[in-house]
Amino acid sequence: MCFRTKNSKTFNQLEDRFKARFLTPEWYTPDVFNAFTFPVTPVITNDRNDVIQGFSWGLIPYWAKDTNIRKSTFNARLETLAQKPSFKPSLLKRCLVLADGFYEWKWLDPKGKSKQKYLLTLPEEESFAFAGLWNSWTDRNTGEILNTYTIITTAANELMSEIHNTKKRMPVIMTPKAEKDWLSGGELVMQNDHLEGVVCE
DNA sequence: CCAGACGTTGTT
DNA sequence: GTCTGG
DNA sequence: CCAGACGTTGTT
DNA sequence: GTCTGG
């Protein structure tokens with residue numbers, strides 16, 4: 001599903017758009033992030049919404065004994081969030097995952113032998129936020145603290161059903177008003193209707 | 001009741 | 001820590 | 001939660 | 001039908 005995101009904005013552009021500051025901007029450079037490498041990417045959390053922090057993709061619940069669970073917590077299904085032991089402790093630990101694009105692969109045949117890569121963006125590659133949840137995990141051996149997040153997914157809309165045609169899922173996209181509501185503990189309002197899909201090379 | 005899971009959907 | 005499959 | 005048990009205690 | 005072991 002949503003395993004690869006794109007951040008093309010500079011840290012100054014992110015600060016202006018999201019009305020928040022990097023404490024230390026040097027860790028961030030615009031890039032494409034692959035979930036399977038657990039990249040540190042820019043997020044804004046509910047408890048410090050004036051700051052852009054670097055959290056690692058792949059949520060680890062605080063109770064985990066090790067980090068193995070991460071490989072399956074890149075995404076969290078919106079429909080079942082409240083029932084899952086891994087996400088329940090994070091229901092009010094909300095975050096914005098800052099981005100301006102993500103990638104999906106359309107299967108061109110029933111077996112997926114041939115695939116077409118698509119980049120999904122808003123018009124003009126405007127910045128947006130994925131709806132996310134976060135948690136802090138302490139390594140019992142080293143005492144190291146790891147801040148991690150997951151991206152919430154929902155049923156694919158019409159466009160995404162065409163592109164992500166095997167799983168019919170898509171990440172929850174938010175624009176400014178919904179971002180505030182989400183961070184402050186309110187309802188999740190998604191703005192998934194303005195996405196555009198562009199075929200990649 | 002307890003042991004074992006706890007999660008989602010690709011290998012770009 | 002809490003849920004669930006057996 | 002469900003499958004499987006669900007009972008007692010000699011010898012002539 | 002209800003209890004209980006797994």
# chains A, B, ... in the order shown; residues from 1 in each chain; ligands from 1

call {"tool": "closest_atom_pairs", "arguments": {"of": "segment 75-134 of chain A", "to": "segment 61-67 of chain A", "cutoff": "8 Å", "atoms": "only C-alpha atoms", "output": "JSON lines"}}
result
{"residue": "A:Ser86", "atom": "CA", "partner": "A:Pro61", "partner_atom": "CA", "distance": 5.6}
{"residue": "A:Phe87", "atom": "CA", "partner": "A:Pro61", "partner_atom": "CA", "distance": 7.1}
{"residue": "A:Pro89", "atom": "CA", "partner": "A:Pro61", "partner_atom": "CA", "distance": 7.2}
{"residue": "A:Ser90", "atom": "CA", "partner": "A:Pro61", "partner_atom": "CA", "distance": 7.8}

call {"tool": "closest_atom_pairs", "arguments": {"of": "chain A", "to": "chain B", "cutoff": "6 Å", "atoms": "only C-alpha atoms (C1' of nucleotides)", "output": "JSON lines"}}
result
{"residue": "A:Ser72", "atom": "CA", "partner": "B:DG7", "partner_atom": "C1'", "distance": 4.5}
{"residue": "A:Thr73", "atom": "CA", "partner": "B:DG7", "partner_atom": "C1'", "distance": 5.6}
{"residue": "A:Pro85", "atom": "CA", "partner": "B:DC6", "partner_atom": "C1'", "distance": 5.7}
{"residue": "A:Ser86", "atom": "CA", "partner": "B:DC6", "partner_atom": "C1'", "distance": 5.8}

call {"tool": "select_by_dssp", "arguments": {"residues": "segment 99-188 of chain A", "states": "alpha helix (DSSP H)", "output": "PDB file with all heavy atoms, in the first residue's frame"}}
result
ATOM      1  N   GLU A 158     -12.393   6.483  -6.231  1.00  0.00           N
ATOM      2  CA  GLU A 158     -12.527   6.017  -7.603  1.00  0.00           C
ATOM      3  C   GLU A 158     -11.179   5.982  -8.329  1.00  0.00           C
ATOM      4  O   GLU A 158     -10.791   4.985  -8.924  1.00  0.00           O
ATOM      5  CB  GLU A 158     -13.508   6.929  -8.336  1.00  0.00           C
ATOM      6  CG  GLU A 158     -14.151   6.278  -9.536  1.00  0.00           C
ATOM      7  CD  GLU A 158     -15.289   7.120 -10.091  1.00  0.00           C
ATOM      8  OE1 GLU A 158     -15.946   7.851  -9.309  1.00  0.00           O
ATOM      9  OE2 GLU A 158     -15.501   7.046 -11.304  1.00  0.00           O
ATOM     10  N   LEU A 159     -10.450   7.079  -8.218  1.00  0.00           N
ATOM     11  CA  LEU A 159      -9.141   7.166  -8.868  1.00  0.00           C
ATOM     12  C   LEU A 159      -8.203   6.085  -8.351  1.00  0.00           C
ATOM     13  O   LEU A 159      -7.556   5.379  -9.131  1.00  0.00           O
ATOM     14  CB  LEU A 159      -8.524   8.552  -8.610  1.00  0.00           C
ATOM     15  CG  LEU A 159      -7.060   8.699  -9.021  1.00  0.00           C
ATOM     16  CD1 LEU A 159      -6.917   8.639 -10.539  1.00  0.00           C
ATOM     17  CD2 LEU A 159      -6.476  10.002  -8.481  1.00  0.00           C
ATOM     18  N   MET A 160      -8.141   5.950  -7.028  1.00  0.00           N
ATOM     19  CA  MET A 160      -7.191   5.014  -6.438  1.00  0.00           C
ATOM     20  C   MET A 160      -7.576   3.564  -6.685  1.00  0.00           C
ATOM     21  O   MET A 160      -6.712   2.688  -6.689  1.00  0.00           O
ATOM     22  CB  MET A 160      -7.055   5.293  -4.947  1.00  0.00           C
ATOM     23  CG  MET A 160      -6.307   6.573  -4.626  1.00  0.00           C
ATOM     24  SD  MET A 160      -4.671   6.624  -5.396  1.00  0.00           S
ATOM     25  CE  MET A 160      -3.912   5.193  -4.639  1.00  0.00           C
ATOM     26  N   SER A 161      -8.861   3.299  -6.874  1.00  0.00           N
ATOM     27  CA  SER A 161      -9.272   1.927  -7.188  1.00  0.00           C
ATOM     28  C   SER A 161      -8.726   1.509  -8.547  1.00  0.00           C
ATOM     29  O   SER A 161      -8.428   0.341  -8.782  1.00  0.00           O
ATOM     30  CB  SER A 161     -10.792   1.819  -7.200  1.00  0.00           C
ATOM     31  OG  SER A 161     -11.285   2.058  -5.910  1.00  0.00           O
ATOM     32  N   GLU A 162      -8.598   2.480  -9.446  1.00  0.00           N
ATOM     33  CA  GLU A 162      -8.030   2.204 -10.764  1.00  0.00           C
ATOM     34  C   GLU A 162      -6.544   1.922 -10.671  1.00  0.00           C
ATOM     35  O   GLU A 162      -6.010   1.063 -11.372  1.00  0.00           O
ATOM     36  CB  GLU A 162      -8.244   3.421 -11.691  1.00  0.00           C
ATOM     37  CG  GLU A 162      -9.672   3.594 -12.140  1.00  0.00           C
ATOM     38  CD  GLU A 162     -10.135   2.385 -12.941  1.00  0.00           C
ATOM     39  OE1 GLU A 162      -9.402   1.971 -13.858  1.00  0.00           O
ATOM     40  OE2 GLU A 162     -11.213   1.856 -12.624  1.00  0.00           O
ATOM     41  N   ILE A 163      -5.870   2.666  -9.805  1.00  0.00           N
ATOM     42  CA  ILE A 163      -4.417   2.578  -9.742  1.00  0.00           C
ATOM     43  C   ILE A 163      -3.962   1.485  -8.788  1.00  0.00           C
ATOM     44  O   ILE A 163      -3.200   0.599  -9.141  1.00  0.00           O
ATOM     45  CB  ILE A 163      -3.817   3.940  -9.334  1.00  0.00           C
ATOM     46  CG1 ILE A 163      -4.133   4.971 -10.425  1.00  0.00           C
ATOM     47  CG2 ILE A 163      -2.317   3.812  -9.105  1.00  0.00           C
ATOM     48  CD1 ILE A 163      -3.702   6.373 -10.082  1.00  0.00           C
ATOM     49  N   PRO A 176      -5.403  21.872   5.499  1.00  0.00           N
ATOM     50  CA  PRO A 176      -5.207  22.594   6.760  1.00  0.00           C
ATOM     51  C   PRO A 176      -6.280  22.482   7.850  1.00  0.00           C
ATOM     52  O   PRO A 176      -5.945  22.209   9.001  1.00  0.00           O
ATOM     53  CB  PRO A 176      -5.042  24.035   6.299  1.00  0.00           C
ATOM     54  CG  PRO A 176      -4.352  23.879   4.985  1.00  0.00           C
ATOM     55  CD  PRO A 176      -4.976  22.667   4.357  1.00  0.00           C
ATOM     56  N   LYS A 177      -7.542  22.657   7.539  1.00  0.00           N
ATOM     57  CA  LYS A 177      -8.535  22.639   8.616  1.00  0.00           C
ATOM     58  C   LYS A 177      -8.613  21.264   9.274  1.00  0.00           C
ATOM     59  O   LYS A 177      -8.629  21.118  10.492  1.00  0.00           O
ATOM     60  CB  LYS A 177      -9.909  23.021   8.071  1.00  0.00           C
ATOM     61  CG  LYS A 177     -10.963  23.047   9.171  1.00  0.00           C
ATOM     62  CD  LYS A 177     -12.337  23.405   8.655  1.00  0.00           C
ATOM     63  CE  LYS A 177     -13.348  23.523   9.791  1.00  0.00           C
ATOM     64  NZ  LYS A 177     -13.270  22.447  10.773  1.00  0.00           N
ATOM     65  N   ALA A 178      -8.646  20.235   8.433  1.00  0.00           N
ATOM     66  CA  ALA A 178      -8.706  18.866   8.946  1.00  0.00           C
ATOM     67  C   ALA A 178      -7.479  18.534   9.781  1.00  0.00           C
ATOM     68  O   ALA A 178      -7.558  17.772  10.740  1.00  0.00           O
ATOM     69  CB  ALA A 178      -8.839  17.891   7.782  1.00  0.00           C
ATOM     70  N   GLU A 179      -6.347  19.126   9.428  1.00  0.00           N
ATOM     71  CA  GLU A 179      -5.109  18.874  10.171  1.00  0.00           C
ATOM     72  C   GLU A 179      -5.262  19.295  11.623  1.00  0.00           C
ATOM     73  O   GLU A 179      -4.904  18.567  12.547  1.00  0.00           O
ATOM     74  CB  GLU A 179      -3.948  19.641   9.527  1.00  0.00           C
ATOM     75  CG  GLU A 179      -3.553  19.073   8.171  1.00  0.00           C
ATOM     76  CD  GLU A 179      -2.704  20.025   7.348  1.00  0.00           C
ATOM     77  OE1 GLU A 179      -2.245  21.056   7.900  1.00  0.00           O
ATOM     78  OE2 GLU A 179      -2.499  19.737   6.153  1.00  0.00           O
ATOM     79  N   LYS A 180      -5.803  20.489  11.835  1.00  0.00           N
ATOM     80  CA  LYS A 180      -5.976  20.996  13.205  1.00  0.00           C
ATOM     81  C   LYS A 180      -6.933  20.115  13.994  1.00  0.00           C
ATOM     82  O   LYS A 180      -6.658  19.758  15.139  1.00  0.00           O
ATOM     83  CB  LYS A 180      -6.524  22.424  13.170  1.00  0.00           C
ATOM     84  CG  LYS A 180      -5.453  23.454  12.907  1.00  0.00           C
ATOM     85  CD  LYS A 180      -6.026  24.864  12.984  1.00  0.00           C
ATOM     86  CE  LYS A 180      -5.043  25.862  12.401  1.00  0.00           C
ATOM     87  NZ  LYS A 180      -5.714  27.025  11.831  1.00  0.00           N
ATOM     88  N   ASP A 181      -8.056  19.776  13.377  1.00  0.00           N
ATOM     89  CA  ASP A 181      -9.043  18.939  14.064  1.00  0.00           C
ATOM     90  C   ASP A 181      -8.443  17.603  14.467  1.00  0.00           C
ATOM     91  O   ASP A 181      -8.672  17.114  15.566  1.00  0.00           O
ATOM     92  CB  ASP A 181     -10.263  18.698  13.158  1.00  0.00           C
ATOM     93  CG  ASP A 181     -11.080  19.967  12.972  1.00  0.00           C
ATOM     94  OD1 ASP A 181     -10.863  20.920  13.750  1.00  0.00           O
ATOM     95  OD2 ASP A 181     -11.918  19.996  12.052  1.00  0.00           O
ATOM     96  N   TRP A 182      -7.688  17.035  13.564  1.00  0.00           N
ATOM     97  CA  TRP A 182      -7.091  15.733  13.840  1.00  0.00           C
ATOM     98  C   TRP A 182      -6.118  15.826  15.016  1.00  0.00           C
ATOM     99  O   TRP A 182      -6.182  15.042  15.961  1.00  0.00           O
ATOM    100  CB  TRP A 182      -6.384  15.221  12.592  1.00  0.00           C
ATOM    101  CG  TRP A 182      -5.651  13.928  12.780  1.00  0.00           C
ATOM    102  CD1 TRP A 182      -4.315  13.721  12.652  1.00  0.00           C
ATOM    103  CD2 TRP A 182      -6.219  12.662  13.124  1.00  0.00           C
ATOM    104  NE1 TRP A 182      -4.009  12.415  12.901  1.00  0.00           N
ATOM    105  CE2 TRP A 182      -5.156  11.736  13.202  1.00  0.00           C
ATOM    106  CE3 TRP A 182      -7.514  12.211  13.410  1.00  0.00           C
ATOM    107  CZ2 TRP A 182      -5.355  10.384  13.532  1.00  0.00           C
ATOM    108  CZ3 TRP A 182      -7.701  10.869  13.729  1.00  0.00           C
ATOM    109  CH2 TRP A 182      -6.628   9.984  13.787  1.00  0.00           C
ATOM    110  N   LEU A 183      -5.242  16.819  14.976  1.00  0.00           N
ATOM    111  CA  LEU A 183      -4.249  16.950  16.040  1.00  0.00           C
ATOM    112  C   LEU A 183      -4.892  17.203  17.395  1.00  0.00           C
ATOM    113  O   LEU A 183      -4.416  16.733  18.426  1.00  0.00           O
ATOM    114  CB  LEU A 183      -3.277  18.090  15.738  1.00  0.00           C
ATOM    115  CG  LEU A 183      -2.173  17.813  14.726  1.00  0.00           C
ATOM    116  CD1 LEU A 183      -1.183  18.946  14.720  1.00  0.00           C
ATOM    117  CD2 LEU A 183      -1.476  16.486  15.013  1.00  0.00           C
TER     118      LEU A 183
END

call {"tool": "interface_residues", "arguments": {"of": "chain C", "to": "chain A", "cutoff": "12 Å", "atoms": "only C-alpha atoms (C1' of nucleotides)", "output": "ChimeraX atom specification"}}
result
/C:1-4

call {"tool": "atom_distance", "arguments": {"atom1": "atom CA of Cys2 of chain A", "atom2": "atom CA of Asp109 of chain A"}}
result
20.6 Å

call {"tool": "decode", "arguments": {"residues": "chain B", "atoms": "C-alpha atoms (C1' of nucleotides)", "output": "mmCIF file, in the first residue's frame"}}
result
data_model
loop_
_atom_site.group_PDB
_atom_site.id
_atom_site.type_symbol
_atom_site.label_atom_id
_atom_site.label_comp_id
_atom_site.auth_asym_id
_atom_site.auth_seq_id
_atom_site.Cartn_x
_atom_site.Cartn_y
_atom_site.Cartn_z
ATOM 1 C "C1'" DC B 1 -7.479 -19.790 31.264
ATOM 2 C "C1'" DC B 2 -3.151 -19.155 29.076
ATOM 3 C "C1'" DA B 3 0.123 -18.891 25.457
ATOM 4 C "C1'" DG B 4 1.056 -16.220 21.884
ATOM 5 C "C1'" DA B 5 -0.043 -12.475 19.107
ATOM 6 C "C1'" DC B 6 -0.218 -7.786 18.636
ATOM 7 C "C1'" DG B 7 -0.090 -5.856 11.474
ATOM 8 C "C1'" DT B 8 -0.356 -4.834 6.604
ATOM 9 C "C1'" DT B 9 -0.090 -5.986 1.984
ATOM 10 C "C1'" DG B 10 5.302 -4.940 -1.310
ATOM 11 C "C1'" DT B 11 10.378 -6.145 -2.610
ATOM 12 C "C1'" DT B 12 10.815 0.292 -6.973
#
